[in-house]
Amino acid sequence: MIEGTLPRWLGVTLCLLGAAWPMEAQEGAFRGEALPEEVAEDVLALVNDPATLRFDGNGRIPVGQLLEADVAVVGGTLTIVGTLDGDLVVLNGDLALDSAASVTGNVLIIGGDIIEGDAQAIDGLVSIYERVYPVSLRDGVVQPRPERERERPGNSVAGSRITIRGGNGYNRVEGLPILVGPVFRTSGDNPLEVDALAIFRTESGFSLDNVGYDVRVEQAFGAAPRWSIGAGAVSDVVPIQTRGLSDLEASLSTFLLHRDNRDHYSREGWSLSLGTEFASFPLRTRITFRAEDHYSTVPGGPWTLFRNDEEWRPMPLVAEGDLELLEGELEIDRRNDPDDPTDGWFLNATLTHGLGGDLSLPAYVPEGAIDPIGPTEVDPRFTLGSFDLRRYARIDPDSDLRLRLLVQGSLQSDPLPSQFQSALGGMGTLPGFDRFFLDCGARSMTVEVPPRGEENPARPAFPRYGCEQTALFQMQFREELGWRLDLSPDDEDEWDEWHWYPRVDLSASVVAFLDAARGWSKVPGGTNSDTLADIGAGFFLGDLGFLLAYPLSGPDQKLRFFVRLQQRF
């Protein structure tokens, strides 16, 4: 047993439990909603004690094994088939007990439950708190997430302020979108959150003619599960796809290199949503109704550090008009650390169904033609799905394997509106190929859009964005090199005084990866892609990566170098 830390933790727990059980085998377990703050410090001390045997992710005590130690499990499921002679803490995970399992000590489960077997196999006290306690793993130490707000019961105001922040990043349509406005939040376990933000675009200078807005209201209620209901109104410019590329990476590429790696469209409308989160299982769901007007966008003239005199890449046409959508999202996150996972599963699945509206593709003149085509009506009743499954598996303490399968696209045989199509290529998805290389022929030619009034002169454009369906498989092996340069403050207790100071953790690692993808088109004149694959390797310092990739197929087989500011996935 652990000297010093464990008795204080156990004493506090006994005070909370009172006389709930006799000190003998338990028929049930004490259940609470959230881990008391006065207990959390001692729990983390036990988890981080060098004498504690800790599993960061899933663990197992096999049949016939007697483990004499105090055990902690962080972000995974512990399966006991043998015997544990010691105390057990399961933090943000579950406990599975075989019929032959035995635990002689006390058991504390936070953010999970006993998913197999029952407490009869446990001789000591059993305490289960349903709500997940957010933690992060830094330098091998499990600690509360710095951004975690310590909420207290009640309905008092937790905070209101005026915020100024960037939007979706520097891009060729808006320049830098700046969001300004009040943010309001009540305290308690079920807060009310209100954001009322105006969007100022540097591309428009100080003009108020092109100001957007983003207003959101959300009220949480309930405990297990926790529900939330929200409403919103927006008038903004959004990227068609962001898969694999962060806002910071996209912004720097645009600002420094005159290379916008995203395409955009504008929308204006309102939404209603209902969501839920489960304390005992890392499951999140949300259903949203949206009523919006969609429009194509035109590249502006934002300033860039290099190549500022070059023309911007044309924007694809999108289906314009009003559209009503119903979206459903399900996410299961069983990773041991969402910021830098080394073990666990992740699943995100979405389903989008067009309920109706009035959409049409703007008129355009093909290359070599005189007369325009269109406007062309687009069916607003479509069904779109996305399935993102990832597996993170630790091979040994210094290496891990990552696998990802991303399938997205139409669930029907009809073409999709351009803003719901998908394209792959570039460092976010297929780094061995140019951006949008897999687009089912959408960029094989440019067309001219006739002028629409004095403010909308004729311009070049692509007739659509990409494929109706795409599939992407990614695999990566990572090996930690065992040394790091950590420039963050040393004393976590002083972090509040250093809130302005960036966390800089330059731990060194090497990676090797393989990617493969394919796309399918349902548009007349569109082409299905061949299967594309690339391989590569690189070196990371924290999230700063220097990588090389080489395509295994395609017409332009050459080595490509790129820099990442985040892990690949």
# chains A, B, ... in the order shown; residues from 1 in each chain; ligands from 1
>>> select_by_dssp(residues="segment 280-488 of chain A", states="strand (DSSP E or B)", output="PyMOL selection string")
chain A and resi 283-296+315-316+320-333+344-361+364-365+373+376-378+383-396+399-410+422+424+426+430+438+447-449+459-462+467+469-486
>>> residues_around(residues="Leu91 of chain A", least_positions_apart="2", cutoff="10 Å", atoms="only C-alpha atoms", output="JSON list (two decimals) with N, CA, C and O atoms, in the first residue's frame")
[["chain", "number", "residue", "atom", "x", "y", "z"],
["A", 43, "VAL", "N", -6.84, 12.16, -5.12],
["A", 43, "VAL", "CA", -6.95, 11.15, -6.17],
["A", 43, "VAL", "C", -5.82, 11.31, -7.18],
["A", 43, "VAL", "O", -5.17, 10.34, -7.57],
["A", 44, "LEU", "N", -5.57, 12.55, -7.60],
["A", 44, "LEU", "CA", -4.49, 12.78, -8.56],
["A", 44, "LEU", "C", -3.13, 12.47, -7.96],
["A", 44, "LEU", "O", -2.22, 12.01, -8.65],
["A", 47, "VAL", "N", -2.81, 8.80, -8.29],
["A", 47, "VAL", "CA", -2.58, 8.43, -9.69],
["A", 47, "VAL", "C", -1.14, 8.70, -10.11],
["A", 47, "VAL", "O", -0.53, 7.92, -10.85],
["A", 56, "ASP", "N", -2.10, 4.05, -18.70],
["A", 56, "ASP", "CA", -2.64, 5.16, -19.49],
["A", 56, "ASP", "C", -3.36, 4.57, -20.70],
["A", 56, "ASP", "O", -2.79, 4.41, -21.77],
["A", 57, "GLY", "N", -4.61, 4.23, -20.49],
["A", 57, "GLY", "CA", -5.37, 3.50, -21.50],
["A", 57, "GLY", "C", -5.85, 2.19, -20.93],
["A", 57, "GLY", "O", -5.91, 2.00, -19.70],
["A", 72, "ALA", "N", -3.83, 2.46, -10.85],
["A", 72, "ALA", "CA", -4.61, 3.56, -11.41],
["A", 72, "ALA", "C", -4.74, 3.34, -12.91],
["A", 72, "ALA", "O", -3.78, 2.92, -13.58],
["A", 73, "VAL", "N", -5.92, 3.60, -13.44],
["A", 73, "VAL", "CA", -6.19, 3.50, -14.88],
["A", 73, "VAL", "C", -6.71, 4.85, -15.33],
["A", 73, "VAL", "O", -7.66, 5.37, -14.75],
["A", 74, "VAL", "N", -6.11, 5.43, -16.37],
["A", 74, "VAL", "CA", -6.50, 6.74, -16.86],
["A", 74, "VAL", "C", -6.94, 6.62, -18.31],
["A", 74, "VAL", "O", -6.15, 6.24, -19.17],
["A", 75, "GLY", "N", -8.21, 6.92, -18.56],
["A", 75, "GLY", "CA", -8.71, 6.96, -19.93],
["A", 75, "GLY", "C", -8.82, 5.62, -20.60],
["A", 75, "GLY", "O", -8.57, 5.53, -21.81],
["A", 76, "GLY", "N", -9.20, 4.58, -19.89],
["A", 76, "GLY", "CA", -9.33, 3.27, -20.50],
["A", 76, "GLY", "C", -10.14, 2.34, -19.61],
["A", 76, "GLY", "O", -10.64, 2.72, -18.55],
["A", 77, "THR", "N", -10.26, 1.10, -20.04],
["A", 77, "THR", "CA", -10.98, 0.06, -19.30],
["A", 77, "THR", "C", -9.99, -0.92, -18.71],
["A", 77, "THR", "O", -9.11, -1.42, -19.40],
["A", 88, "LEU", "N", -7.70, 0.59, -6.06],
["A", 88, "LEU", "CA", -7.84, 0.84, -7.49],
["A", 88, "LEU", "C", -8.56, 2.16, -7.72],
["A", 88, "LEU", "O", -9.61, 2.42, -7.13],
["A", 89, "VAL", "N", -7.99, 2.99, -8.61],
["A", 89, "VAL", "CA", -8.65, 4.19, -9.10],
["A", 89, "VAL", "C", -8.77, 4.08, -10.61],
["A", 89, "VAL", "O", -7.77, 3.85, -11.30],
["A", 93, "GLY", "N", -12.75, 6.12, -17.13],
["A", 93, "GLY", "CA", -12.73, 4.80, -17.75],
["A", 93, "GLY", "C", -13.68, 3.87, -17.03],
["A", 93, "GLY", "O", -14.44, 4.27, -16.14],
["A", 94, "ASP", "N", -13.63, 2.60, -17.38],
["A", 94, "ASP", "CA", -14.55, 1.60, -16.84],
["A", 94, "ASP", "C", -13.79, 0.44, -16.24],
["A", 94, "ASP", "O", -12.59, 0.25, -16.49],
["A", 108, "LEU", "N", -12.35, 3.17, -6.58],
["A", 108, "LEU", "CA", -12.94, 4.46, -6.92],
["A", 108, "LEU", "C", -12.98, 4.60, -8.43],
["A", 108, "LEU", "O", -11.95, 4.50, -9.09],
["A", 109, "ILE", "N", -14.17, 4.79, -8.99],
["A", 109, "ILE", "CA", -14.35, 4.94, -10.44],
["A", 109, "ILE", "C", -14.90, 6.33, -10.69],
["A", 109, "ILE", "O", -15.93, 6.72, -10.13],
["A", 110, "ILE", "N", -14.23, 7.09, -11.56],
["A", 110, "ILE", "CA", -14.63, 8.46, -11.90],
["A", 110, "ILE", "C", -14.85, 8.54, -13.40],
["A", 110, "ILE", "O", -13.97, 8.17, -14.18],
["A", 111, "GLY", "N", -16.02, 9.00, -13.80],
["A", 111, "GLY", "CA", -16.31, 9.11, -15.23],
["A", 111, "GLY", "C", -16.44, 7.78, -15.91],
["A", 111, "GLY", "O", -16.06, 7.63, -17.07],
["A", 112, "GLY", "N", -16.99, 6.79, -15.24],
["A", 112, "GLY", "CA", -17.15, 5.46, -15.80],
["A", 112, "GLY", "C", -18.04, 4.62, -14.92],
["A", 112, "GLY", "O", -18.79, 5.13, -14.08],
["A", 129, "TYR", "N", -18.38, 7.84, -9.38],
["A", 129, "TYR", "CA", -18.83, 9.18, -9.73],
["A", 129, "TYR", "C", -19.01, 9.23, -11.24],
["A", 129, "TYR", "O", -18.08, 8.96, -12.00],
["A", 132, "VAL", "N", -17.34, 12.77, -15.91],
["A", 132, "VAL", "CA", -15.93, 12.75, -16.30],
["A", 132, "VAL", "C", -15.19, 13.91, -15.64],
["A", 132, "VAL", "O", -15.71, 15.04, -15.56],
["A", 133, "TYR", "N", -14.00, 13.64, -15.12],
["A", 133, "TYR", "CA", -13.14, 14.69, -14.55],
["A", 133, "TYR", "C", -12.06, 15.01, -15.59],
["A", 133, "TYR", "O", -11.13, 14.22, -15.78],
["A", 134, "PRO", "N", -12.15, 16.15, -16.28],
["A", 134, "PRO", "CA", -11.23, 16.43, -17.39],
["A", 134, "PRO", "C", -9.78, 16.55, -16.91],
["A", 134, "PRO", "O", -9.47, 17.34, -16.01],
["A", 135, "VAL", "N", -8.91, 15.77, -17.51],
["A", 135, "VAL", "CA", -7.50, 15.80, -17.18],
["A", 135, "VAL", "C", -6.70, 15.79, -18.46],
["A", 135, "VAL", "O", -7.21, 15.49, -19.55],
["A", 336, "ASN", "N", -7.12, 8.11, -24.49],
["A", 336, "ASN", "CA", -6.58, 8.41, -23.16],
["A", 336, "ASN", "C", -6.20, 9.87, -23.00],
["A", 336, "ASN", "O", -6.14, 10.38, -21.89]]
>>> residues_around(residues="segment 229-234 of chain A", least_positions_apart="4", cutoff="8 Å", atoms="only C-alpha atoms", output="list in words")
Gly212, Tyr213, Asp214, Val215, Arg216, Val217, Glu218, Gln219, Ala220, Arg267, Glu268, Gly269, Trp270, Ser271, Leu272, Ser273, Leu274 and Gly275 of chain A
>>> write_last_selection(atoms="N, CA and C atoms", output="tab-separated table (two decimals), in the first residue's frame")
chain	number	residue	atom	x	y	z
A	212	GLY	N	-20.72	40.61	-40.77
A	212	GLY	CA	-21.53	39.45	-40.48
A	212	GLY	C	-21.84	39.35	-38.99
A	213	TYR	N	-22.43	38.23	-38.60
A	213	TYR	CA	-22.76	38.04	-37.19
A	213	TYR	C	-22.81	36.55	-36.88
A	214	ASP	N	-22.62	36.25	-35.61
A	214	ASP	CA	-22.70	34.88	-35.10
A	214	ASP	C	-23.28	34.97	-33.70
A	215	VAL	N	-24.54	34.61	-33.55
A	215	VAL	CA	-25.25	34.70	-32.27
A	215	VAL	C	-25.65	33.28	-31.85
A	216	ARG	N	-25.30	32.90	-30.64
A	216	ARG	CA	-25.61	31.56	-30.14
A	216	ARG	C	-26.09	31.63	-28.70
A	217	VAL	N	-27.12	30.84	-28.40
A	217	VAL	CA	-27.64	30.70	-27.04
A	217	VAL	C	-27.79	29.22	-26.75
A	218	GLU	N	-27.27	28.77	-25.60
A	218	GLU	CA	-27.38	27.36	-25.24
A	218	GLU	C	-27.61	27.22	-23.74
A	219	GLN	N	-28.59	26.41	-23.38
A	219	GLN	CA	-28.91	26.13	-21.99
A	219	GLN	C	-28.74	24.64	-21.72
A	220	ALA	N	-27.94	24.31	-20.70
A	220	ALA	CA	-27.76	22.92	-20.29
A	220	ALA	C	-28.74	22.58	-19.17
A	267	ARG	N	-23.11	31.91	-46.00
A	267	ARG	CA	-24.43	31.44	-45.57
A	267	ARG	C	-25.05	32.46	-44.63
A	268	GLU	N	-26.36	32.44	-44.55
A	268	GLU	CA	-27.09	33.32	-43.64
A	268	GLU	C	-28.37	32.59	-43.23
A	269	GLY	N	-28.61	32.49	-41.93
A	269	GLY	CA	-29.81	31.79	-41.48
A	269	GLY	C	-29.81	31.56	-39.98
A	270	TRP	N	-30.65	30.60	-39.56
A	270	TRP	CA	-30.80	30.31	-38.14
A	270	TRP	C	-30.86	28.81	-37.91
A	271	SER	N	-30.72	28.41	-36.64
A	271	SER	CA	-30.67	26.98	-36.32
A	271	SER	C	-31.23	26.73	-34.93
A	272	LEU	N	-31.67	25.49	-34.72
A	272	LEU	CA	-32.09	24.98	-33.41
A	272	LEU	C	-31.39	23.64	-33.20
A	273	SER	N	-30.96	23.36	-31.97
A	273	SER	CA	-30.24	22.11	-31.73
A	273	SER	C	-30.59	21.54	-30.37
A	274	LEU	N	-30.42	20.23	-30.28
A	274	LEU	CA	-30.61	19.49	-29.03
A	274	LEU	C	-29.46	18.51	-28.91
A	275	GLY	N	-28.73	18.57	-27.79
A	275	GLY	CA	-27.58	17.70	-27.61
A	275	GLY	C	-27.60	17.01	-26.27
>>> residues_around(residues="Pro362 of chain A", least_positions_apart="6", cutoff="10 Å", atoms="only C-alpha atoms", output="PyMOL selection string")
chain A and resi 295-296+317-320+372-377+449-450+463
>>> write_last_selection(atoms="N, CA and C atoms", output="PDB file, in the first residue's frame")
ATOM      1  N   TYR A 295     -24.631  31.126 -50.726  1.00  0.00           N
ATOM      2  CA  TYR A 295     -24.184  31.915 -51.865  1.00  0.00           C
ATOM      3  C   TYR A 295     -22.735  31.551 -52.204  1.00  0.00           C
ATOM      4  N   SER A 296     -22.383  31.648 -53.481  1.00  0.00           N
ATOM      5  CA  SER A 296     -20.987  31.534 -53.892  1.00  0.00           C
ATOM      6  C   SER A 296     -20.218  32.767 -53.419  1.00  0.00           C
ATOM      7  N   LEU A 317     -18.103  27.171 -57.849  1.00  0.00           N
ATOM      8  CA  LEU A 317     -19.495  27.567 -57.704  1.00  0.00           C
ATOM      9  C   LEU A 317     -20.195  26.643 -56.712  1.00  0.00           C
ATOM     10  N   VAL A 318     -21.124  27.197 -55.950  1.00  0.00           N
ATOM     11  CA  VAL A 318     -21.939  26.380 -55.051  1.00  0.00           C
ATOM     12  C   VAL A 318     -23.402  26.589 -55.407  1.00  0.00           C
ATOM     13  N   ALA A 319     -24.220  25.643 -54.985  1.00  0.00           N
ATOM     14  CA  ALA A 319     -25.662  25.762 -55.223  1.00  0.00           C
ATOM     15  C   ALA A 319     -26.212  26.881 -54.347  1.00  0.00           C
ATOM     16  N   GLU A 320     -26.834  27.867 -54.969  1.00  0.00           N
ATOM     17  CA  GLU A 320     -27.300  29.056 -54.257  1.00  0.00           C
ATOM     18  C   GLU A 320     -28.799  28.986 -54.015  1.00  0.00           C
ATOM     19  N   PRO A 372     -24.103  30.838 -72.226  1.00  0.00           N
ATOM     20  CA  PRO A 372     -23.999  30.306 -70.865  1.00  0.00           C
ATOM     21  C   PRO A 372     -24.868  29.064 -70.669  1.00  0.00           C
ATOM     22  N   ILE A 373     -24.497  28.253 -69.700  1.00  0.00           N
ATOM     23  CA  ILE A 373     -25.278  27.104 -69.248  1.00  0.00           C
ATOM     24  C   ILE A 373     -25.915  27.472 -67.914  1.00  0.00           C
ATOM     25  N   GLY A 374     -27.212  27.262 -67.808  1.00  0.00           N
ATOM     26  CA  GLY A 374     -27.881  27.496 -66.534  1.00  0.00           C
ATOM     27  C   GLY A 374     -28.536  28.857 -66.469  1.00  0.00           C
ATOM     28  N   PRO A 375     -28.994  29.233 -65.279  1.00  0.00           N
ATOM     29  CA  PRO A 375     -28.877  28.517 -64.000  1.00  0.00           C
ATOM     30  C   PRO A 375     -29.527  27.128 -64.042  1.00  0.00           C
ATOM     31  N   THR A 376     -28.973  26.208 -63.252  1.00  0.00           N
ATOM     32  CA  THR A 376     -29.411  24.824 -63.238  1.00  0.00           C
ATOM     33  C   THR A 376     -29.977  24.471 -61.862  1.00  0.00           C
ATOM     34  N   GLU A 377     -31.185  23.956 -61.840  1.00  0.00           N
ATOM     35  CA  GLU A 377     -31.787  23.574 -60.567  1.00  0.00           C
ATOM     36  C   GLU A 377     -31.019  22.415 -59.929  1.00  0.00           C
ATOM     37  N   VAL A 449     -18.059  33.014 -65.080  1.00  0.00           N
ATOM     38  CA  VAL A 449     -19.373  33.371 -64.537  1.00  0.00           C
ATOM     39  C   VAL A 449     -19.755  34.740 -65.089  1.00  0.00           C
ATOM     40  N   PRO A 450     -20.878  34.859 -65.802  1.00  0.00           N
ATOM     41  CA  PRO A 450     -21.275  36.159 -66.363  1.00  0.00           C
ATOM     42  C   PRO A 450     -21.452  37.202 -65.260  1.00  0.00           C
ATOM     43  N   PRO A 463     -16.508  24.690 -61.913  1.00  0.00           N
ATOM     44  CA  PRO A 463     -17.946  24.377 -61.971  1.00  0.00           C
ATOM     45  C   PRO A 463     -18.468  23.652 -60.736  1.00  0.00           C
TER      46      PRO A 463
END
>>> residues_around(residues="Pro366 of chain A", least_positions_apart="3", cutoff="8 Å", atoms="only C-alpha atoms", output="VMD selection string")
chain A and resid 369 to 370 372 to 373 446 to 448
>>> closest_residue(among="A:Leu248, A:Leu401, A:Ile287, A:Leu95", to="Asn171 of chain A", atoms="only C-alpha atoms")
A:Leu248
>>> residues_around(residues="segment 406-419 of chain A", least_positions_apart="2", cutoff="8 Å", atoms="only C-alpha atoms", output="PDB file with C-alpha atoms, in the first residue's frame")
ATOM      1  CA  ILE A 240     -16.438  23.817 -47.598  1.00  0.00           C
ATOM      2  CA  TYR A 265     -19.081  29.828 -49.436  1.00  0.00           C
ATOM      3  CA  PRO A 316     -15.866  26.798 -57.065  1.00  0.00           C
ATOM      4  CA  LEU A 317     -19.495  27.567 -57.704  1.00  0.00           C
ATOM      5  CA  VAL A 318     -21.939  26.380 -55.051  1.00  0.00           C
ATOM      6  CA  ALA A 319     -25.662  25.762 -55.223  1.00  0.00           C
ATOM      7  CA  VAL A 378     -30.215  21.417 -57.833  1.00  0.00           C
ATOM      8  CA  ASP A 379     -32.230  18.922 -55.826  1.00  0.00           C
ATOM      9  CA  PRO A 380     -32.294  20.113 -52.185  1.00  0.00           C
ATOM     10  CA  PHE A 382     -30.227  14.777 -50.477  1.00  0.00           C
ATOM     11  CA  THR A 383     -28.714  12.585 -47.779  1.00  0.00           C
ATOM     12  CA  LEU A 384     -25.059  12.917 -46.801  1.00  0.00           C
ATOM     13  CA  GLY A 385     -23.093  10.789 -44.367  1.00  0.00           C
ATOM     14  CA  SER A 386     -19.652  10.907 -42.768  1.00  0.00           C
ATOM     15  CA  PHE A 387     -17.892   8.163 -40.778  1.00  0.00           C
ATOM     16  CA  ASP A 388     -14.552   8.883 -39.083  1.00  0.00           C
ATOM     17  CA  LEU A 389     -13.128   5.913 -37.125  1.00  0.00           C
ATOM     18  CA  ARG A 404      -7.906   6.008 -39.402  1.00  0.00           C
ATOM     19  CA  GLN A 421     -19.027  17.486 -52.003  1.00  0.00           C
ATOM     20  CA  SER A 422     -15.573  16.390 -50.827  1.00  0.00           C
ATOM     21  CA  ARG A 464     -18.054  22.327 -58.737  1.00  0.00           C
ATOM     22  CA  TYR A 465     -15.993  21.388 -55.676  1.00  0.00           C
ATOM     23  CA  GLY A 466     -15.265  17.655 -55.818  1.00  0.00           C
ATOM     24  CA  CYS A 467     -16.611  14.115 -55.505  1.00  0.00           C
ATOM     25  CA  GLU A 468     -19.933  12.775 -54.255  1.00  0.00           C
ATOM     26  CA  GLN A 469     -18.147  10.072 -52.257  1.00  0.00           C
ATOM     27  CA  THR A 470     -14.605   9.676 -50.912  1.00  0.00           C
ATOM     28  CA  ALA A 471     -12.785   7.130 -48.763  1.00  0.00           C
ATOM     29  CA  LEU A 472      -9.482   7.764 -46.985  1.00  0.00           C
ATOM     30  CA  PHE A 473      -7.301   5.330 -45.009  1.00  0.00           C
ATOM     31  CA  SER A 521     -18.573  11.089 -58.834  1.00  0.00           C
ATOM     32  CA  LYS A 522     -22.274  11.117 -59.718  1.00  0.00           C
ATOM     33  CA  VAL A 523     -22.158  14.326 -61.767  1.00  0.00           C
TER      34      VAL A 523
END
>>> closest_residue(among="A:Gly482, A:Leu430, A:Arg564, A:Gly545", to="Asp515 of chain A", atoms="only C-alpha atoms")
A:Leu430
>>> atom_distance(atom1="atom CA of Thr163 of chain A", atom2="atom CA of His264 of chain A")
24.9 Å
